[in-house]
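To be precise, the following lines are protein22.tsv, and they hold TSV, C-alpha atoms and all ligand atoms.
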chain	number	residue	atom	x	y	z
A	1	MET	CA	26.97	1.06	36.86
A	2	GLN	CA	27.08	4.40	35.13
A	3	HIS	CA	29.04	7.44	36.26
A	4	LEU	CA	28.88	11.03	35.02
A	5	LEU	CA	32.37	12.47	34.65
A	6	ASN	CA	32.05	14.36	31.41
A	7	ILE	CA	28.97	15.88	29.77
A	8	THR	CA	29.61	13.72	26.70
A	9	ASP	CA	29.01	10.63	28.86
A	10	LEU	CA	25.38	11.59	28.18
A	11	SER	CA	23.92	11.40	24.66
A	12	THR	CA	21.72	14.23	23.43
A	13	GLN	CA	18.78	11.83	23.92
A	14	ASP	CA	19.81	11.35	27.55
A	15	ILE	CA	19.90	15.15	27.93
A	16	ASP	CA	16.44	15.51	26.36
A	17	ARG	CA	15.12	12.92	28.82
A	18	LEU	CA	16.68	14.69	31.83
A	19	ILE	CA	15.27	18.06	30.73
A	20	ALA	CA	11.83	16.49	30.29
A	21	THR	CA	12.02	14.94	33.76
A	22	ALA	CA	13.20	18.23	35.31
A	23	GLU	CA	10.27	20.04	33.70
A	24	ASP	CA	7.86	17.38	34.95
A	25	ILE	CA	9.30	17.74	38.48
A	26	MET	CA	8.75	21.52	38.31
A	27	GLN	CA	5.14	20.96	37.34
A	28	ASN	CA	4.35	18.00	39.61
A	29	PRO	CA	6.69	18.15	42.62
A	30	GLU	CA	4.42	16.02	44.82
A	31	LYS	CA	4.75	13.07	42.43
A	32	TYR	CA	8.47	12.88	43.27
A	33	ARG	CA	8.26	13.52	47.01
A	34	ASP	CA	9.13	9.95	48.06
A	35	ALA	CA	10.96	8.82	44.94
A	36	CYS	CA	14.30	8.38	46.75
A	37	ARG	CA	13.00	7.23	50.11
A	38	TYR	CA	15.73	5.29	51.98
A	39	LYS	CA	18.35	6.34	49.42
A	40	LYS	CA	21.43	8.32	50.39
A	41	LEU	CA	23.50	10.83	48.46
A	42	ALA	CA	27.06	11.55	49.64
A	43	THR	CA	28.54	14.92	48.72
A	44	LEU	CA	32.34	14.76	48.87
A	45	PHE	CA	33.57	18.31	48.35
A	46	PHE	CA	37.34	18.67	48.46
A	47	GLU	CA	36.93	22.23	47.13
A	48	PRO	CA	34.59	25.12	48.11
A	49	SER	CA	31.05	25.29	46.78
A	50	THR	CA	27.71	26.91	47.55
A	51	ARG	CA	25.34	26.18	44.66
A	52	THR	CA	26.57	22.82	43.49
A	53	ARG	CA	26.71	21.12	46.87
A	54	LEU	CA	23.58	22.66	48.33
A	55	SER	CA	21.58	22.10	45.16
A	56	PHE	CA	22.57	18.42	45.17
A	57	GLU	CA	21.61	18.13	48.83
A	58	SER	CA	18.36	20.00	48.40
A	59	ALA	CA	17.58	17.90	45.30
A	60	MET	CA	18.00	14.66	47.25
A	61	MET	CA	15.92	15.99	50.16
A	62	GLU	CA	13.09	16.97	47.81
A	63	LEU	CA	13.13	13.42	46.47
A	64	GLY	CA	12.62	12.13	49.99
A	65	GLY	CA	16.19	10.85	50.33
A	66	ASN	CA	18.97	11.61	52.77
A	67	VAL	CA	22.34	13.26	52.45
A	68	LEU	CA	25.73	12.92	54.11
A	69	GLY	CA	29.22	14.12	53.30
A	70	PHE	CA	31.84	16.77	53.86
A	71	SER	CA	32.37	20.24	52.48
A	72	GLU	CA	36.11	20.59	52.86
A	73	ALA	CA	39.01	18.22	52.47
A	74	ASN	CA	40.38	19.20	55.89
A	75	SER	CA	37.39	17.77	57.70
A	76	SER	CA	37.84	14.35	56.05
A	77	SER	CA	40.58	11.72	56.29
A	78	THR	CA	42.21	13.36	53.27
A	79	ALA	CA	43.89	15.53	55.91
A	80	LYS	CA	45.50	12.33	57.24
A	81	GLY	CA	46.76	11.40	53.79
A	82	GLU	CA	43.98	9.09	52.59
A	83	SER	CA	43.76	8.66	48.81
A	84	VAL	CA	40.67	9.62	46.81
A	85	GLY	CA	40.31	5.96	45.85
A	86	ASP	CA	40.15	4.80	49.48
A	87	THR	CA	37.78	7.62	50.47
A	88	VAL	CA	35.38	6.77	47.68
A	89	ARG	CA	35.57	3.03	48.37
A	90	THR	CA	34.68	3.76	51.99
A	91	VAL	CA	31.82	6.10	51.17
A	92	SER	CA	30.42	3.47	48.78
A	93	CYS	CA	29.59	1.46	51.93
A	94	TYR	CA	27.42	4.29	53.25
A	95	ALA	CA	25.74	5.90	50.24
A	96	ASP	CA	23.86	4.91	47.07
A	97	ILE	CA	25.32	7.68	44.92
A	98	ILE	CA	28.24	10.11	45.23
A	99	ALA	CA	28.68	13.68	44.01
A	100	MET	CA	32.31	14.68	44.22
A	101	ARG	CA	34.22	17.94	43.64
A	102	HIS	CA	38.00	17.99	43.60
A	103	PRO	CA	40.66	20.61	42.79
A	104	LYS	CA	42.68	18.13	40.68
A	105	GLU	CA	41.74	17.57	37.07
A	106	GLY	CA	40.91	13.91	36.54
A	107	ALA	CA	40.36	13.06	40.24
A	108	PRO	CA	36.90	11.57	39.48
A	109	TYR	CA	38.58	9.15	37.05
A	110	ALA	CA	40.63	7.88	40.00
A	111	ALA	CA	37.47	7.72	42.11
A	112	ILE	CA	35.57	5.42	39.76
A	113	GLN	CA	38.34	2.83	39.92
A	114	THR	CA	37.25	1.97	43.45
A	115	ALA	CA	33.67	3.27	43.64
A	116	GLN	CA	30.94	0.70	44.21
A	117	VAL	CA	28.14	3.21	43.51
A	118	PRO	CA	27.57	5.81	40.74
A	119	VAL	CA	29.84	8.86	40.91
A	120	ILE	CA	28.93	12.31	39.61
A	121	ASN	CA	31.71	14.77	38.85
A	122	ALA	CA	30.68	18.01	40.56
A	123	GLY	CA	33.72	19.83	39.15
A	124	ASP	CA	37.33	18.69	38.74
A	125	GLY	CA	39.89	21.50	38.72
A	126	GLY	CA	39.92	23.53	35.53
A	127	HIS	CA	38.60	20.57	33.55
A	128	ASN	CA	34.89	19.70	33.56
A	129	HIS	CA	31.64	20.49	35.35
A	130	PRO	CA	28.91	18.41	33.71
A	131	THR	CA	26.08	19.15	36.15
A	132	GLN	CA	26.54	22.89	35.74
A	133	THR	CA	26.22	22.24	32.03
A	134	LEU	CA	22.97	20.35	32.57
A	135	THR	CA	21.78	23.39	34.54
A	136	ASP	CA	22.86	25.66	31.68
A	137	LEU	CA	21.14	23.49	29.07
A	138	LEU	CA	17.89	23.44	31.03
A	139	THR	CA	18.13	27.24	31.35
A	140	ILE	CA	18.70	27.70	27.61
A	141	HIS	CA	15.86	25.29	26.84
A	142	ARG	CA	13.47	27.12	29.17
A	143	GLU	CA	14.48	30.58	27.98
A	144	ARG	CA	14.66	29.88	24.24
A	145	GLY	CA	12.47	26.80	23.78
A	146	SER	CA	15.26	24.85	22.04
A	147	LEU	CA	18.93	24.01	22.17
A	148	GLU	CA	19.49	24.86	18.50
A	149	ASN	CA	20.13	27.91	16.33
A	150	PHE	CA	21.59	30.66	18.48
A	151	THR	CA	24.79	32.65	18.97
A	152	ILE	CA	26.35	32.37	22.41
A	153	GLY	CA	29.13	34.61	23.69
A	154	LEU	CA	31.32	32.97	26.33
A	155	CYS	CA	33.11	35.71	28.21
A	156	GLY	CA	35.84	35.82	30.85
A	157	ASP	CA	38.19	33.05	31.94
A	158	LEU	CA	37.83	30.53	29.14
A	159	LYS	CA	41.14	28.89	29.99
A	160	PHE	CA	40.47	27.72	33.54
A	161	GLY	CA	36.66	27.93	33.55
A	162	ARG	CA	35.47	24.33	33.70
A	163	THR	CA	31.83	25.33	33.20
A	164	VAL	CA	32.79	26.77	29.81
A	165	HIS	CA	34.68	23.63	28.79
A	166	SER	CA	31.72	21.37	29.53
A	167	LEU	CA	29.18	23.75	27.99
A	168	VAL	CA	31.17	24.03	24.76
A	169	ALA	CA	31.40	20.23	24.53
A	170	ALA	CA	27.65	19.93	25.05
A	171	LEU	CA	26.62	22.66	22.61
A	172	SER	CA	28.92	21.30	19.89
A	173	ARG	CA	26.39	18.53	19.37
A	174	TYR	CA	23.45	20.81	18.48
A	175	GLN	CA	22.59	22.33	15.10
A	176	GLY	CA	23.15	25.98	14.31
A	177	VAL	CA	25.02	26.97	17.49
A	178	LYS	CA	27.59	29.72	16.86
A	179	MET	CA	30.15	30.49	19.54
A	180	VAL	CA	31.95	33.75	20.23
A	181	PHE	CA	34.84	33.38	22.68
A	182	ILE	CA	35.48	36.68	24.44
A	183	SER	CA	38.60	36.75	26.59
A	184	PRO	CA	41.99	38.38	27.04
A	185	PRO	CA	44.70	36.48	25.08
A	186	GLU	CA	46.03	34.88	28.30
A	187	LEU	CA	42.67	33.32	29.12
A	188	ARG	CA	41.65	31.97	25.71
A	189	ILE	CA	39.81	28.69	25.31
A	190	PRO	CA	42.40	25.84	25.47
A	191	ASP	CA	43.76	24.50	22.19
A	192	TYR	CA	42.65	20.98	23.08
A	193	ILE	CA	39.03	22.12	23.02
A	194	ILE	CA	39.51	23.69	19.60
A	195	THR	CA	41.16	20.60	18.13
A	196	ASN	CA	39.23	17.86	19.93
A	197	VAL	CA	35.79	19.42	20.21
A	198	LEU	CA	35.11	22.42	17.95
A	199	GLU	CA	36.95	21.41	14.78
A	200	PRO	CA	35.66	17.80	14.58
A	201	ALA	CA	32.10	19.07	15.12
A	202	GLY	CA	32.51	21.76	12.43
A	203	ILE	CA	31.37	24.46	14.87
A	204	SER	CA	31.50	28.03	13.64
A	205	TYR	CA	33.39	30.10	16.21
A	206	VAL	CA	35.31	33.35	16.56
A	207	GLN	CA	37.74	34.54	19.22
A	208	THR	CA	37.80	38.20	20.22
A	209	GLU	CA	38.93	40.45	23.04
A	210	SER	CA	36.06	42.88	22.55
A	211	LEU	CA	32.81	42.34	24.43
A	212	GLU	CA	31.44	45.58	22.92
A	213	GLU	CA	31.93	44.34	19.36
A	214	ALA	CA	30.44	40.92	20.07
A	215	MET	CA	27.44	42.11	22.08
A	216	PRO	CA	24.94	43.10	19.33
A	217	GLN	CA	24.98	39.66	17.68
A	218	LEU	CA	24.54	37.58	20.85
A	219	ASP	CA	21.42	35.63	21.80
A	220	ILE	CA	23.08	34.38	24.99
A	221	LEU	CA	25.88	35.99	26.99
A	222	TYR	CA	27.56	33.48	29.33
A	223	VAL	CA	29.78	35.40	31.76
A	224	THR	CA	32.38	33.73	33.96
A	225	ARG	CA	34.58	34.67	36.88
A	226	VAL	CA	38.36	34.80	36.53
A	227	GLN	CA	39.41	31.64	38.37
A	228	ARG	CA	41.81	33.06	40.93
A	229	GLU	CA	42.53	29.71	42.59
A	230	ARG	CA	43.91	28.26	39.35
A	231	PHE	CA	46.44	31.01	38.65
A	232	PHE	CA	50.12	30.39	39.18
A	233	ASN	CA	50.75	33.93	40.36
A	234	GLU	CA	48.59	36.55	42.02
A	235	ALA	CA	49.95	39.45	39.91
A	236	ASP	CA	48.50	37.88	36.74
A	237	TYR	CA	45.14	37.43	38.46
A	238	ILE	CA	45.08	41.05	39.60
A	239	ARG	CA	45.95	42.28	36.09
A	240	LEU	CA	43.23	40.19	34.43
A	241	LYS	CA	40.43	39.99	36.97
A	242	ASP	CA	38.46	43.05	35.87
A	243	THR	CA	38.96	42.77	32.11
A	244	TYR	CA	35.20	42.55	31.57
A	245	ILE	CA	32.57	44.16	33.73
A	246	VAL	CA	29.04	43.88	32.36
A	247	ASP	CA	27.04	46.92	33.42
A	248	PRO	CA	23.86	48.57	32.06
A	249	ASP	CA	25.88	50.70	29.58
A	250	LYS	CA	27.46	47.65	27.99
A	251	LEU	CA	23.99	46.22	27.40
A	252	ILE	CA	22.68	49.21	25.43
A	253	HIS	CA	23.58	47.59	22.10
A	254	ALA	CA	22.52	44.08	23.12
A	255	LYS	CA	19.41	42.35	21.74
A	256	SER	CA	16.25	42.89	23.75
A	257	SER	CA	15.88	39.08	23.76
A	258	LEU	CA	19.41	38.50	25.13
A	259	VAL	CA	19.68	35.88	27.89
A	260	ILE	CA	22.44	36.73	30.38
A	261	MET	CA	23.79	33.68	32.19
A	262	HIS	CA	26.55	33.12	34.76
A	263	PRO	CA	27.32	29.89	36.63
A	264	LEU	CA	28.07	32.04	39.73
A	265	PRO	CA	29.69	32.94	42.04
A	266	ARG	CA	30.23	36.37	40.51
A	267	VAL	CA	32.96	38.61	41.77
A	268	ASN	CA	32.98	41.87	39.77
A	269	GLU	CA	32.13	40.77	36.27
A	270	ILE	CA	28.41	41.68	36.37
A	271	THR	CA	27.39	44.76	38.34
A	272	PRO	CA	24.42	44.38	40.73
A	273	GLU	CA	22.40	46.96	38.68
A	274	VAL	CA	22.20	44.40	35.89
A	275	ASP	CA	20.19	42.12	38.22
A	276	GLN	CA	17.15	44.36	37.63
A	277	ASP	CA	17.36	43.87	33.86
A	278	PRO	CA	14.81	41.26	32.70
A	279	ARG	CA	17.54	39.78	30.50
A	280	ALA	CA	19.54	38.77	33.61
A	281	ARG	CA	18.68	35.10	34.14
A	282	TYR	CA	21.52	33.90	36.38
A	283	PHE	CA	19.48	33.55	39.56
A	284	GLN	CA	16.77	31.71	37.64
A	285	GLN	CA	19.60	29.51	36.35
A	286	VAL	CA	20.48	28.71	39.99
A	287	ALA	CA	16.90	27.59	40.61
A	288	TYR	CA	16.94	25.28	37.58
A	289	GLY	CA	20.08	23.59	38.95
A	290	LYS	CA	18.11	21.83	41.66
A	291	TYR	CA	15.52	20.38	39.28
A	292	ILE	CA	18.01	19.03	36.76
A	293	ARG	CA	20.00	17.45	39.59
A	294	MET	CA	16.82	15.81	40.87
A	295	ALA	CA	16.30	14.39	37.39
A	296	LEU	CA	19.91	13.21	37.24
A	297	ILE	CA	19.82	11.49	40.63
A	298	LEU	CA	16.63	9.63	39.67
A	299	ASP	CA	18.11	8.57	36.35
A	300	MET	CA	21.41	7.38	37.81
A	301	LEU	CA	19.62	5.42	40.52
A	302	GLY	CA	17.43	3.82	37.86
A	303	ILE	CA	14.23	5.23	39.37
A	304	HIS	CA	11.61	5.91	36.69
A	305	LEU	CA	8.17	7.13	37.73
B	401	LIG	C1	31.45	27.23	39.04
B	401	LIG	C2	32.50	26.20	39.36
B	401	LIG	O1	32.61	25.73	40.48
B	401	LIG	O2	33.22	25.86	38.43
B	401	LIG	N1	30.53	27.39	40.07
B	401	LIG	C3	29.43	26.57	40.09
B	401	LIG	O3	29.55	25.39	40.27
B	401	LIG	N2	28.24	27.12	39.87
B	401	LIG	C4	31.98	28.50	38.52
B	401	LIG	C5	33.03	29.21	39.29
B	401	LIG	O4	33.46	28.79	40.37
B	401	LIG	O5	33.47	30.25	38.80
Re-express the file's structure as structure tokens.
Amino acid sequence: MQHLLNITDLSTQDIDRLIATAEDIMQNPEKYRDACRYKKLATLFFEPSTRTRLSFESAMMELGGNVLGFSEANSSSTAKGESVGDTVRTVSCYADIIAMRHPKEGAPYAAIQTAQVPVINAGDGGHNHPTQTLTDLLTIHRERGSLENFTIGLCGDLKFGRTVHSLVAALSRYQGVKMVFISPPELRIPDYIITNVLEPAGISYVQTESLEEAMPQLDILYVTRVQRERFFNEADYIRLKDTYIVDPDKLIHAKSSLVIMHPLPRVNEITPEVDQDPRARYFQQVAYGKYIRMALILDMLGIHL
């Protein structure tokens, strides 16, 4: 049985296959309508979510399957003190596949010790978020036609932002990807990512505080929210939360072909006026999330049409 805890659990060939399936689903949705008939997906969300949980559920419904689960820890037996291991062992009796989000880094590793069905990490604390990365990769592939040869600026909370950590790990395996890390000093990309991911892959990267300076060279701007819930004190969050606000003025010196992405939810970091700019692709990115999750569910259940 295969689980998906980290984006590097998938090879680049696996990713190519998932993108191809997602694109086939977009073109031929009726072919997949009953693909997961009688199958059940459980969504175990110990932490808030809109896109990830609902896109998983909608993905399973569009494949003709069913969904069950909970959307907050307090409505499950976790509130009575049950361990993640026991919860997942129990849910394995009811579902064919599990998507799980948890505030603690590494919780999905505990889950797979007792799981009897495949487990997908739908975000663990400030660590990883592989299915958002699949969504991001499909978006880049659709927008640029390839996952190679571009400069991406990752902006905002690079320390706690799990979507950034997974995306960096994924992109480190493609040719000609340059990374510009744009953050205040307190929210820089963690050292372990530099030493374990970027340096071994020989990735060319720079770190800067200035979005303005980085902007003209970027092919992709990946904006992230400052992760309030992972801060140790509120004063630091308040000081840092509005460091970067992307508005139409900031985009004046950007490439006309720029692709603006954001995993969402946004708070203040992109103003609503930017939504009208054809370079803003974050709501399209949301839409792609459902198709890549459909492809992933099929793959993990071993269903090949
Ligand atoms: C992200 C997450 O949960 O890490 N949201 C998402 O899944 N699209 C980003 C965030 O919460 O800032």
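Candidate residues A:Val286, A:Leu138, A:Leu171, A:Ile98 were compared for distance to ligand LIG 401 (chain B), and the nearest is A:Val286, using all atoms listed in the file.
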Residue neighbourhood Pro278 (chain A), 10 Å, all atoms listed in the file, exclusion window fewer than 3 positions, as a list in words: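 Within the cut-off, the hits are Ser256, Ser257, Leu258, Val259, Ile260, Val274, Asp275 and Arg281 of chain A.
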Select from region 59-135 of chain A every residue with an atom at most 8 Å from any atom of region 149-164 of chain A, then for each give the shortest pair of atoms and their distance in Å to one decimal, using all atoms listed in the file, rows by chain and rising number, as a tab-separated table.
residue	atom	partner	partner_atom	distance
A:Gly123	CA	A:Arg162	CA	7.3
A:Asp124	CA	A:Arg162	CA	7.8
A:Gly125	CA	A:Arg162	CA	7.3
A:Gly126	CA	A:Phe160	CA	4.7
A:His127	CA	A:Arg162	CA	4.9
A:Asn128	CA	A:Arg162	CA	4.7
A:His129	CA	A:Thr163	CA	5.3
A:Pro130	CA	A:Thr163	CA	7.5
A:Gln132	CA	A:Thr163	CA	6.4
A:Thr133	CA	A:Thr163	CA	6.5
Residues within 9 Å of region 32-42 of chain A, all atoms listed in the file, excluding chain neighbours under 5 positions, as a count of residues only: 29
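If only C-alpha atoms and all ligand atoms are the atoms counted, then among A:Arg89, A:Arg225, A:Arg173, A:Lys250 the closest residue to ligand LIG 401 (chain B) is A:Arg225.
The nearest approach to ligand LIG 401 (chain B) among the residues A:Ala169, A:Leu296, A:Ala280, A:Leu54, with all atoms listed in the file taken into account, belongs to A:Leu54.
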From A:Thr114, A:Thr271, A:Ser172, A:Ser166, residue lying nearest ligand LIG 401 (chain B) [all atoms listed in the file]: A:Ser166
Pick from A:Arg279, A:Arg230, A:His3, A:Arg188, whichever lies nearest to ligand LIG 401 (chain B) using only C-alpha atoms and all ligand atoms: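 Ranking A:Arg279, A:Arg230, A:His3, A:Arg188 by distance to ligand LIG 401 (chain B), first place goes to A:Arg230.
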Test item: residues at most 10 Å from Glu273 (chain A), only C-alpha atoms, excluding those fewer than 4 positions along its chain, as a list in words: Val246, Asp247, Pro248 and Asp277 of chain A
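Among the candidates A:Glu229, A:Asp9, A:Asp14, A:Glu186, the residue lying nearest to ligand LIG 401 (chain B) is A:Glu229 (atoms considered: only C-alpha atoms and all ligand atoms).
Interatomic distance, CA of Leu5 (chain A) to CA of Ala115 (chain A): 12.9 Å.
Here CA of Ile203 (chain A) is placed at a distance of 8.4 Å from CA of Gly176 (chain A).
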Between CA of Lys104 (chain A) and CA of Tyr291 (chain A) - distance in Å to one decimal: 27.3 Å
Residues within 12 Å of (19.6, 14.7, 27.6), file coords, only C-alpha atoms, listed as an MDAnalysis selection string: chainID A and resid 7:22 130:131 133:135 137:138 141 147 170:171 173:174 292 295:296 299
Residue neighbourhood region 72-82 of chain A, 10 Å, all atoms listed in the file, exclusion window fewer than 5 positions, as a list in words: Leu44, Phe45, Phe46, Glu47, Pro48, Ser49, Thr87, Arg101 and His102 of chain A
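Within 12 Å of the point (33.7, 40.7, 41.5), and counting only C-alpha atoms, the protein, DNA and RNA residues are A:Gly156, A:Val223, A:Thr224, A:Arg225, A:Val226, A:Gln227, A:Arg228, A:Ile238, A:Leu240, A:Lys241, A:Asp242, A:Thr243, A:Tyr244, A:Ile245, A:Val246, A:Leu264, A:Pro265, A:Arg266, A:Val267, A:Asn268, A:Glu269, A:Ile270, A:Thr271, A:Pro272.
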Edge lengths and centre, in Å to one decimal, as AutoDock Vina command-line options: that's what I need for the box along x, y and z that holds all listed atoms of region 87-92 of chain A plus 4 Å on each side.
--center_x 34.1 --center_y 5.3 --center_z 49.8 --size_x 15.4 --size_y 12.6 --size_z 12.3
Repaired coordinates for region 133-142 of chain A (all heavy atoms) as a tab-separated table (two decimals), keeping the file's coordinate frame:
chain	number	residue	atom	x	y	z
A	133	THR	N	26.66	22.21	33.43
A	133	THR	CA	26.22	22.24	32.03
A	133	THR	C	24.77	21.78	31.89
A	133	THR	O	24.00	22.36	31.12
A	133	THR	CB	27.16	21.39	31.16
A	133	THR	OG1	28.45	21.98	31.25
A	133	THR	CG2	26.72	21.35	29.71
A	134	LEU	N	24.38	20.76	32.63
A	134	LEU	CA	22.97	20.35	32.57
A	134	LEU	C	22.07	21.51	33.02
A	134	LEU	O	21.01	21.76	32.43
A	134	LEU	CB	22.73	19.12	33.45
A	134	LEU	CG	23.35	17.81	32.93
A	134	LEU	CD1	23.20	16.70	33.98
A	134	LEU	CD2	22.72	17.38	31.61
A	135	THR	N	22.51	22.21	34.06
A	135	THR	CA	21.78	23.39	34.54
A	135	THR	C	21.69	24.44	33.43
A	135	THR	O	20.61	25.02	33.18
A	135	THR	CB	22.52	23.99	35.76
A	135	THR	OG1	22.62	22.98	36.76
A	135	THR	CG2	21.83	25.21	36.31
A	136	ASP	N	22.81	24.66	32.76
A	136	ASP	CA	22.86	25.66	31.68
A	136	ASP	C	21.95	25.24	30.52
A	136	ASP	O	21.25	26.08	29.94
A	136	ASP	CB	24.30	25.84	31.19
A	136	ASP	CG	25.25	26.30	32.29
A	136	ASP	OD1	24.77	26.83	33.31
A	136	ASP	OD2	26.47	26.10	32.14
A	137	LEU	N	21.97	23.96	30.19
A	137	LEU	CA	21.14	23.49	29.07
A	137	LEU	C	19.65	23.62	29.40
A	137	LEU	O	18.85	24.02	28.55
A	137	LEU	CB	21.49	22.04	28.71
A	137	LEU	CG	22.91	21.82	28.17
A	137	LEU	CD1	23.17	20.32	27.97
A	137	LEU	CD2	23.17	22.57	26.87
A	138	LEU	N	19.30	23.28	30.64
A	138	LEU	CA	17.89	23.44	31.03
A	138	LEU	C	17.51	24.92	30.96
A	138	LEU	O	16.42	25.27	30.48
A	138	LEU	CB	17.66	22.88	32.44
A	138	LEU	CG	16.26	23.09	33.02
A	138	LEU	CD1	15.17	22.42	32.16
A	138	LEU	CD2	16.17	22.54	34.46
A	139	THR	N	18.41	25.80	31.40
A	139	THR	CA	18.13	27.24	31.35
A	139	THR	C	17.92	27.70	29.91
A	139	THR	O	16.94	28.40	29.60
A	139	THR	CB	19.29	28.03	32.00
A	139	THR	OG1	19.53	27.51	33.31
A	139	THR	CG2	18.98	29.52	32.08
A	140	ILE	N	18.82	27.29	29.02
A	140	ILE	CA	18.70	27.70	27.61
A	140	ILE	C	17.39	27.15	27.03
A	140	ILE	O	16.65	27.85	26.33
A	140	ILE	CB	19.92	27.22	26.79
A	140	ILE	CG1	21.19	27.91	27.30
A	140	ILE	CG2	19.72	27.49	25.29
A	140	ILE	CD1	22.50	27.36	26.71
A	141	HIS	N	17.09	25.91	27.35
A	141	HIS	CA	15.86	25.29	26.84
A	141	HIS	C	14.63	26.03	27.34
A	141	HIS	O	13.69	26.29	26.58
A	141	HIS	CB	15.83	23.82	27.27
A	141	HIS	CG	14.73	23.04	26.64
A	141	HIS	ND1	13.51	22.86	27.24
A	141	HIS	CD2	14.66	22.44	25.44
A	141	HIS	CE1	12.73	22.16	26.43
A	141	HIS	NE2	13.40	21.88	25.34
A	142	ARG	N	14.62	26.40	28.60
A	142	ARG	CA	13.47	27.12	29.17
A	142	ARG	C	13.37	28.54	28.60
A	142	ARG	O	12.28	29.04	28.34
A	142	ARG	CB	13.59	27.25	30.70
A	142	ARG	CG	13.65	25.95	31.45
A	142	ARG	CD	12.33	25.25	31.56
A	142	ARG	NE	11.37	25.96	32.37
A	142	ARG	CZ	10.11	25.56	32.54
A	142	ARG	NH1	9.67	24.47	31.94
A	142	ARG	NH2	9.29	26.25	33.30
